[in-house]
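Engineer: Sharing start.cif, mmCIF, C-alpha atoms:
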```cif
data_protein
loop_
_atom_site.label_atom_id
_atom_site.label_comp_id
_atom_site.auth_asym_id
_atom_site.auth_seq_id
_atom_site.Cartn_x
_atom_site.Cartn_y
_atom_site.Cartn_z
CA MET J 131 254.83 0.90 -38.68
CA ILE J 132 257.02 -0.30 -41.51
CA ARG J 133 259.66 1.53 -43.52
CA PHE J 134 260.65 0.75 -47.09
CA ASP J 135 263.84 2.05 -48.69
CA ILE J 136 263.89 1.52 -52.44
CA LEU J 137 267.17 1.73 -54.36
CA SER J 138 266.74 2.33 -58.07
CA VAL J 139 268.35 4.04 -61.04
CA PHE J 140 264.87 5.25 -62.01
CA PRO J 141 263.20 6.37 -58.74
CA GLU J 142 260.79 8.65 -60.64
CA MET J 143 258.91 5.52 -61.74
CA PHE J 144 257.46 5.24 -58.21
CA GLU J 145 256.01 8.71 -57.79
CA SER J 146 252.47 7.99 -59.01
CA PRO J 147 251.90 4.40 -57.76
CA LEU J 148 253.01 5.25 -54.23
CA ASN J 149 250.76 8.29 -53.91
CA HIS J 150 247.32 6.79 -54.44
CA SER J 151 244.79 4.56 -52.71
CA ILE J 152 245.86 2.36 -49.79
CA LEU J 153 249.56 3.16 -50.03
CA LYS J 154 248.85 6.87 -49.83
CA ARG J 155 246.55 6.44 -46.83
CA ALA J 156 249.07 4.19 -45.05
CA GLN J 157 251.73 6.89 -45.38
CA GLU J 158 249.37 9.65 -44.27
CA LYS J 159 248.41 7.63 -41.17
CA GLY J 160 252.06 7.06 -40.30
CA MET J 161 251.74 3.30 -40.71
CA ALA J 162 254.23 3.11 -43.57
CA GLU J 163 257.18 5.17 -44.74
CA ILE J 164 258.50 4.83 -48.28
CA HIS J 165 261.84 6.39 -49.16
CA LEU J 166 263.28 6.46 -52.65
CA HIS J 167 267.03 6.51 -53.29
CA ASN J 168 268.75 7.08 -56.62
CA ILE J 169 271.69 4.69 -56.91
CA ARG J 170 273.39 7.20 -59.24
CA ASP J 171 273.81 9.54 -56.26
CA TYR J 172 276.27 7.05 -54.79
CA ALA J 173 278.41 6.62 -57.91
CA GLU J 174 281.76 8.32 -57.33
CA ASP J 175 282.96 8.82 -60.90
CA LYS J 176 282.23 12.07 -62.73
CA HIS J 177 279.71 10.41 -65.06
CA ARG J 178 277.80 8.79 -62.14
CA MET J 179 277.97 5.41 -63.83
CA THR J 180 276.02 2.59 -62.22
CA ASP J 181 276.69 -0.05 -64.90
CA ASP J 182 279.55 -1.34 -66.99
CA ALA J 183 280.36 -4.00 -69.59
CA PRO J 184 280.67 -7.55 -68.23
CA TYR J 185 284.02 -9.22 -67.74
CA GLY J 186 284.43 -12.00 -70.26
CA GLY J 187 282.31 -10.26 -72.86
CA GLY J 188 278.68 -10.80 -73.75
CA GLY J 189 275.65 -8.65 -74.42
CA GLY J 190 274.13 -6.11 -72.08
CA MET J 191 275.48 -4.09 -69.17
CA VAL J 192 275.94 -5.14 -65.55
CA MET J 193 275.11 -2.99 -62.51
CA LYS J 194 278.26 -2.12 -60.59
CA VAL J 195 278.82 -3.27 -57.02
CA GLU J 196 280.36 -0.04 -55.65
CA PRO J 197 277.35 2.33 -55.92
CA ILE J 198 275.02 -0.27 -54.41
CA ASP J 199 277.45 -0.93 -51.56
CA MET J 200 277.86 2.80 -50.90
CA ALA J 201 274.09 3.32 -50.96
CA LEU J 202 273.45 0.51 -48.49
CA ALA J 203 276.24 1.68 -46.18
CA SER J 204 274.67 5.14 -46.10
CA ILE J 205 271.02 4.13 -45.85
CA VAL J 206 271.26 1.14 -43.48
CA PRO J 207 274.61 1.34 -41.65
CA SER J 208 273.12 -1.02 -39.08
CA ARG J 209 271.25 -4.06 -40.31
CA ASP J 210 269.34 -4.54 -37.04
CA ASN J 211 265.85 -5.75 -37.94
CA ALA J 212 266.31 -4.61 -41.54
CA LEU J 213 265.84 -6.96 -44.47
CA VAL J 214 267.78 -6.20 -47.66
CA VAL J 215 266.19 -7.74 -50.75
CA LEU J 216 267.50 -7.93 -54.30
CA LEU J 217 264.73 -8.04 -56.90
CA THR J 218 265.81 -10.44 -59.64
CA PRO J 219 264.28 -13.10 -61.91
CA GLN J 220 266.61 -15.60 -60.23
CA GLY J 221 265.08 -15.11 -56.78
CA GLU J 222 262.50 -17.20 -54.96
CA THR J 223 258.98 -16.61 -56.25
CA PHE J 224 257.06 -14.06 -54.20
CA ASN J 225 253.81 -15.27 -52.62
CA GLN J 226 251.48 -14.47 -49.75
CA LYS J 227 253.55 -16.41 -47.23
CA ILE J 228 256.64 -14.36 -48.08
CA ALA J 229 254.58 -11.16 -47.88
CA GLU J 230 253.49 -12.14 -44.36
CA GLU J 231 257.08 -12.91 -43.37
CA MET J 232 258.26 -9.55 -44.68
CA SER J 233 255.48 -7.67 -42.87
CA ARG J 234 257.11 -8.62 -39.55
CA TYR J 235 260.15 -6.47 -40.27
CA PHE J 236 260.33 -2.84 -39.24
CA ARG J 237 262.48 -1.96 -42.23
CA ILE J 238 262.80 -3.43 -45.71
CA VAL J 239 265.35 -2.34 -48.30
CA LEU J 240 264.53 -3.21 -51.90
CA VAL J 241 267.37 -3.14 -54.42
CA CYS J 242 266.03 -2.89 -57.97
CA GLY J 243 268.16 -4.73 -60.47
CA HIS J 244 268.34 -3.44 -64.03
CA TYR J 245 270.03 -4.00 -67.38
CA GLU J 246 271.56 -7.48 -67.78
CA GLY J 247 271.78 -7.98 -64.02
CA VAL J 248 273.94 -7.06 -61.05
CA ASP J 249 277.54 -7.81 -60.18
CA GLU J 250 277.52 -11.19 -58.41
CA ARG J 251 279.23 -9.66 -55.38
CA VAL J 252 275.97 -7.85 -54.57
CA ARG J 253 274.32 -11.24 -54.16
CA ASP J 254 277.24 -12.76 -52.30
CA HIS J 255 277.89 -10.01 -49.78
CA LEU J 256 275.25 -7.25 -49.65
CA VAL J 257 271.72 -8.68 -49.61
CA ASP J 258 269.80 -11.04 -47.33
CA ARG J 259 267.30 -12.39 -49.80
CA GLU J 260 266.53 -12.52 -53.53
CA ILE J 261 262.93 -12.33 -54.74
CA SER J 262 261.18 -12.61 -58.09
CA ILE J 263 257.51 -11.88 -58.73
CA GLY J 264 257.20 -14.57 -61.39
CA ASP J 265 258.82 -16.62 -64.10
CA PHE J 266 259.20 -13.83 -66.59
CA VAL J 267 261.73 -11.08 -67.21
CA LEU J 268 261.05 -7.38 -66.66
CA THR J 269 263.17 -4.45 -67.74
CA GLY J 270 264.07 -3.78 -64.11
CA GLY J 271 263.09 -4.47 -60.52
CA GLU J 272 260.99 -1.33 -60.12
CA LEU J 273 257.65 -2.96 -60.92
CA SER J 274 258.53 -5.87 -58.64
CA ALA J 275 259.25 -3.42 -55.82
CA MET J 276 255.84 -1.79 -56.29
CA VAL J 277 254.14 -5.18 -56.07
CA ILE J 278 255.99 -6.11 -52.88
CA VAL J 279 255.39 -2.75 -51.18
CA ASP J 280 251.66 -3.00 -51.90
CA ALA J 281 251.33 -6.65 -50.83
CA VAL J 282 253.28 -6.15 -47.59
CA THR J 283 251.78 -2.79 -46.58
CA ARG J 284 248.21 -4.03 -46.71
CA LEU J 285 249.11 -6.64 -44.07
CA ILE J 286 250.07 -4.01 -41.49
CA PRO J 287 247.29 -3.89 -38.86
CA GLY J 288 245.10 -0.84 -39.37
CA VAL J 289 246.09 -0.12 -42.96
CA LEU J 290 242.94 -1.67 -44.41
CA GLY J 291 240.70 -0.47 -41.60
CA ASN J 292 239.23 -3.96 -41.19
CA TYR J 293 242.04 -6.48 -40.67
CA ASP J 294 239.66 -9.31 -41.64
CA SER J 295 239.85 -7.97 -45.18
CA ALA J 296 243.45 -9.19 -45.39
CA SER J 297 242.96 -12.42 -43.45
CA TYR J 298 240.29 -13.62 -45.92
CA ASP J 299 242.18 -12.66 -49.06
CA SER J 300 242.97 -15.30 -51.65
CA PHE J 301 246.07 -17.29 -50.59
CA SER J 302 245.97 -16.03 -46.97
CA THR J 303 244.09 -19.18 -45.93
CA GLY J 304 245.74 -21.32 -48.57
CA LEU J 305 242.55 -21.21 -50.66
CA LEU J 306 241.18 -18.85 -53.28
CA GLU J 307 238.65 -16.38 -51.95
CA TYR J 308 234.90 -16.95 -52.21
CA PRO J 309 232.71 -14.91 -54.64
CA HIS J 310 231.61 -11.40 -53.64
CA TYR J 311 228.37 -9.57 -54.41
CA THR J 312 226.92 -6.14 -53.63
CA ARG J 313 223.76 -4.15 -54.44
CA PRO J 314 221.56 -4.45 -56.40
CA GLY J 315 220.34 -7.92 -55.46
CA SER J 316 219.04 -8.47 -58.97
CA TYR J 317 220.50 -7.07 -62.17
CA ARG J 318 219.38 -8.11 -65.65
CA GLY J 319 218.00 -11.26 -64.08
CA TRP J 320 221.35 -12.10 -62.49
CA GLN J 321 220.58 -12.87 -58.86
CA VAL J 322 222.67 -12.65 -55.72
CA PRO J 323 222.60 -16.06 -53.96
CA ASP J 324 219.73 -16.20 -51.48
CA VAL J 325 221.96 -17.27 -48.60
CA LEU J 326 223.79 -13.93 -48.69
CA LEU J 327 220.50 -12.10 -48.25
CA SER J 328 219.28 -14.36 -45.43
CA GLY J 329 221.06 -12.66 -42.53
CA ASN J 330 222.01 -16.10 -41.20
CA HIS J 331 225.72 -15.65 -40.52
CA ARG J 332 226.39 -19.32 -39.83
CA GLU J 333 224.93 -20.35 -43.18
CA ILE J 334 226.76 -17.51 -44.91
CA GLU J 335 230.10 -18.64 -43.48
CA SER J 336 229.35 -22.24 -44.50
CA TRP J 337 228.49 -21.12 -48.05
CA ARG J 338 231.63 -19.03 -48.30
CA LYS J 339 233.87 -21.88 -47.16
CA LYS J 340 232.24 -24.26 -49.67
CA GLU J 341 232.57 -21.75 -52.52
CA SER J 342 236.18 -21.09 -51.58
CA LEU J 343 236.94 -24.82 -51.71
CA LYS J 344 235.05 -25.19 -54.98
CA ARG J 345 236.81 -22.28 -56.66
CA THR J 346 240.20 -23.54 -55.53
CA TYR J 347 239.46 -27.06 -56.76
CA LEU J 348 238.34 -25.80 -60.18
CA ARG J 349 240.97 -23.09 -60.71
CA ARG J 350 244.02 -23.94 -58.59
CA PRO J 351 243.84 -27.59 -57.48
CA ASP J 352 247.60 -27.46 -56.81
CA LEU J 353 246.92 -25.29 -53.75
CA LEU J 354 244.90 -28.06 -52.11
CA GLU J 355 247.99 -30.25 -52.04
CA LYS J 356 249.73 -27.76 -49.78
CA ILE J 357 247.14 -27.43 -47.00
CA GLU J 358 245.62 -29.76 -44.43
CA LEU J 359 241.81 -29.62 -44.33
CA CYS J 360 239.71 -30.43 -41.28
CA ASP J 361 237.37 -33.45 -41.53
CA GLU J 362 234.35 -31.28 -42.32
CA ASP J 363 236.11 -29.38 -45.09
CA GLY J 364 237.52 -32.65 -46.42
CA LYS J 365 233.99 -34.08 -46.75
CA THR J 366 232.79 -30.87 -48.39
CA LEU J 367 235.63 -31.10 -50.91
CA GLU J 368 234.77 -34.71 -51.74
CA ASP J 369 231.15 -33.68 -52.41
CA ILE J 370 232.41 -30.86 -54.66
CA LYS J 371 234.57 -33.28 -56.65
CA LYS J 372 231.62 -35.64 -57.19
CA ASN J 373 229.29 -32.84 -58.32
CA CYS J 374 231.87 -31.29 -60.65
CA LYS J 375 232.54 -34.43 -62.66
#
```
So, in terms of structure tokens, how does the structure I just supplied come out?

Structural biologist:
Amino acid sequence: MIRFDILSVFPEMFESPLNHSILKRAQEKGMAEIHLHNIRDYAEDKHRMTDDAPYGGGGGMVMKVEPIDMALASIVPSRDNALVVLLTPQGETFNQKIAEEMSRYFRIVLVCGHYEGVDERVRDHLVDREISIGDFVLTGGELSAMVIVDAVTRLIPGVLGNYDSASYDSFSTGLLEYPHYTRPGSYRGWQVPDVLLSGNHREIESWRKKESLKRTYLRRPDLLEKIELCDEDGKTLEDIKKNCK
């Protein structure tokens, strides 16, 4: 079981995404808990301010350190086996490997940045890790938090029903996933490959591995530089390169 605590100034943004499909089922089965916390509730001034103008001038507003510190002190007074993550464009780029690392924690706290950014003291003293979901800027960290919760939750054993579903996903093996087909076998003259209808599981697995290598080579050749292929897969890849010229 994994628990997420999400700190945001707009927690209502999460209500619909977290209550549908796999995330809803994971919570109903007791495999995941998702708790939303409004950072404004921890602001001590009468206006519940969570942001202020930056020292030194400049455009935009900066999220204050005090409400975030107070929220974390209340929600996770002990950091034992809890990972506190700041969602920011300046963080390391989220990927499947990071999702797998995060899935080993019992508790993950996601701090959603907003406005121009957060007081640097949040980075320096209050969080364990900074993560971005890509080289682009969003209005806030809420959408990033949704992405991370979804990607990590589906890796918890039992959430998908069939754990193989996650282990064969694109990027889980370092390669893009092979093509999928379902009924009907023929539609408008578009045929399902014969091998998938053969019932020969060894040939099916061989076809899937070849198609996975081919798709990765054609669409994301950079991924092949990061993995070590066995001799058989290496030969298959060389044949693919020759036939795709």

Engineer: Using the chain letters and residue numbers of this document, give as a ChimeraX atom specification the residues selected by the PyMOL selection byres ((chain J and resi 351-359) around 12).

Structural biologist: /J:300-306,339,342-350,360-368,371

Engineer: Please provide as a list in words all residues within 7 Å of Ile164 in chain J, with the sequence filter that same-chain residues fewer than 3 positions apart are discarded (counting all atoms listed in the file).

Structural biologist: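 Close residues of Ile164 in chain J: Arg133, Phe134 and Asp135 of chain J.
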
Engineer: Please check which residues have atoms at most 12 Å from (263.3, 7.1, -63.9) in the file's coordinates, counting only C-alpha atoms, and write them as a VMD selection string.

Structural biologist: chain J and resid 137 to 146 166 to 170 242 244 270 272 to 273

Engineer: Could you tell me how far CA of Val257 in chain J lies from CA of Ser274 in chain J, in Å and to one decimal?

Structural biologist: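 That distance, rounded to one decimal, is 16.2 Å.
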
Engineer: What does the structure give for the distance between CA of Arg338 in chain J and CA of Pro309 in chain J, in Å to one decimal?

Structural biologist: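 Calculated distance between CA of Arg338 in chain J and CA of Pro309 in chain J is 7.6 Å.
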
Engineer: Can I get a file of range 327-343 of chain J from the given structure, C-alpha atoms kept, as a compact mmCIF listing (two decimals), in the first residue's frame?

Structural biologist:
```txt
# COMPACT_ATOMS: atom_id res chain seq x y z
CA LEU J 327 -3.70 -15.80 -34.29
CA SER J 328 -1.45 -18.87 -34.41
CA GLY J 329 -1.57 -19.81 -30.73
CA ASN J 330 2.19 -20.42 -30.83
CA HIS J 331 3.35 -18.50 -27.77
CA ARG J 332 7.05 -18.83 -28.55
CA GLU J 333 6.59 -17.30 -31.99
CA ILE J 334 4.32 -14.61 -30.55
CA GLU J 335 6.94 -13.61 -27.98
CA SER J 336 9.62 -13.55 -30.70
CA TRP J 337 7.41 -11.34 -32.91
CA ARG J 338 6.67 -8.98 -30.04
CA LYS J 339 10.34 -8.58 -29.16
CA LYS J 340 11.23 -7.88 -32.80
CA GLU J 341 8.40 -5.34 -33.18
CA SER J 342 9.41 -3.67 -29.93
CA LEU J 343 12.99 -3.32 -31.17
```
